[in-house]
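See structure below.
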Amino acid sequence: MNPQIAALHELQLRDRQLTNLERKLDAIPGRIKELDDDVARLETMLQGERRKCEDTRAFQRGQQAQLEDEEELVRASKAKMSQVKNARELNATQRELETTRKMITTRSDEIQKLQKGVEETEQRIAALQSDLDDLRGKAATEKERLAELRGKLEVKIAKLRGTRGGLTGKLDRELLGTYERIRKRLGGLAFVAAHRERCSACKMVTPHQIYVLLRRGEEIPACESCGRMLYWSGHFPDEQKDPAATTGGANEVAPKASPPQRRPVVSED
Ligand SMILES: [Zn+2]
């Protein structure tokens with residue numbers, strides 16, 4: 001087998017590790033922002049409930065003041081009753097008293113309803129406050145973990161980058177240039193296995209003549225469909241036990257937009 005194939009293969013393995021680690025590192029700020037956003041969202045909800053509760057209380061106080069005025073009116077009407085001079089005045093005062101009493105009944109009911117509303121809102125506030133305390137604690141723990149993870153990833157990445165030079169040095173300059181170009185263009189994977197006459201990255205069929213070349217292991221042909229450089233999977237039999245090693249990277253590189261509920265768990269491995 002052409003020794004360049006083994007050298008490229010080794011470089012690709014190393015670069016895949018590097019890309020995976022870099023991606024995990026890149027995901028950390030987003031994860032921290034998500035944690036902060038979650039806390040901020042709950043804080044806003046809590047503020048909203050508190051404001052609502054205050055508004056209801058203010059309205060309730062107003063109703064209470066009106067109720068007291070009406071009760072004063074009743075007392076005044078009763079006092080007037082003892083001083084009426086004729087039946088007409090008596091009728092008018094009685095009507096006045098009746099109307100005020102009806103208003104008092106309606107207003108008392110309203111105040112009771114408001115009180116119930118206030119109590120319910122207070123319960124919601126207490127529950128939200130407890131959720132918020134809980135979330136703040138969890139976010140702080142998770143941020144600590146992420147900071148630690150960031151440190152570990154940075155060390156690993158620096159180590160891998162440091163030894164990369166030893167691998168690229170084994171490659172022909174032109175081959176390395178092609179490899180780097182494809183890697184840049186396609187995001188990570190430039191040298192991929194052809195397995196059972198198919199490119200493992202784009203899954204398109206490899207023409208038979210090319211497959212024959214690949215098996216011979218002298219040349220490094222490109223996939224006619226995706227343009228990646230190919231090697232025959234049979235040259236690295238260990239790799240076939242781990243299908244992710246040959247195909248995983250191609251899809252992994254695409255930035256995945258994850259819905260807010262399902263956060264990618266950022267971990268070291
Ligand atoms: Zn392909």
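The chains in the structure tokens are called A, B, ... from first to last as shown; in each chain the residues are counted from 1, and the ligands are counted from 1 in the order shown.
For ligand 1, the neighbouring polymer residues at 6 Å or closer are A:Cys199, A:Ala201, A:Cys202, A:Met204, A:Cys223, A:Ser225, A:Cys226, A:Arg228, only C-alpha atoms and all ligand atoms being used.
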Need to verify the contact set: Ser108 in chain A, 12 Å, only C-alpha atoms, exclusion of same-chain residues closer than 2 positions in sequence. Can you return it as a list in words?
Gln60, Gln63, Gln64, Ala65, Gln66, Leu67, Glu68, Glu70, Glu71, Arg101, Lys102, Met103, Ile104, Thr105, Thr106, Glu110, Ile111, Gln112, Lys113, Leu114 and Gln115 of chain A
Could you tell me which of A:Glu122, A:Asp134, A:Ala127, A:Thr168 comes closest to Arg51 in chain A if we count only C-alpha atoms?
A:Glu122
Name the residues of range 20-262 of chain A that come out as helix (DSSP H, G or I) in a backbone DSSP run; write them as a PyMOL selection string.
chain A and resi 20-81+87-168+173-186+208-216+233-235+237-241+243-252
Top pick for closest residue to Leu135 in chain A, considering A:Asp109, A:Asp36, A:Arg14, A:His195 and counting only C-alpha atoms
A:Asp36
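In terms of minimum interatomic distance to Thr100 in chain A, A:Glu72 ranks closest within A:Glu72, A:Glu49, A:Glu22, A:Asp15, counting only C-alpha atoms.
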Selected residue, from A:Lys170, A:Arg107, A:His9, A:Lys138, that lies nearest to Asp69 in chain A when counting only C-alpha atoms
A:Arg107
Would you please work out which residue, of A:Asp37, A:Ser77, A:Arg50, A:Leu25, is nearest to Gln123 in chain A when using only C-alpha atoms?
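Among the listed residues, A:Arg50 lies closest to Gln123 in chain A.
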Give me the residues within 12 Å of range 146-162 of chain A as a ChimeraX atom specification, counting only C-alpha atoms and dropping any in the same chain fewer than 3 places off.
/A:11,13-33,35,139-143,165-168,265-269
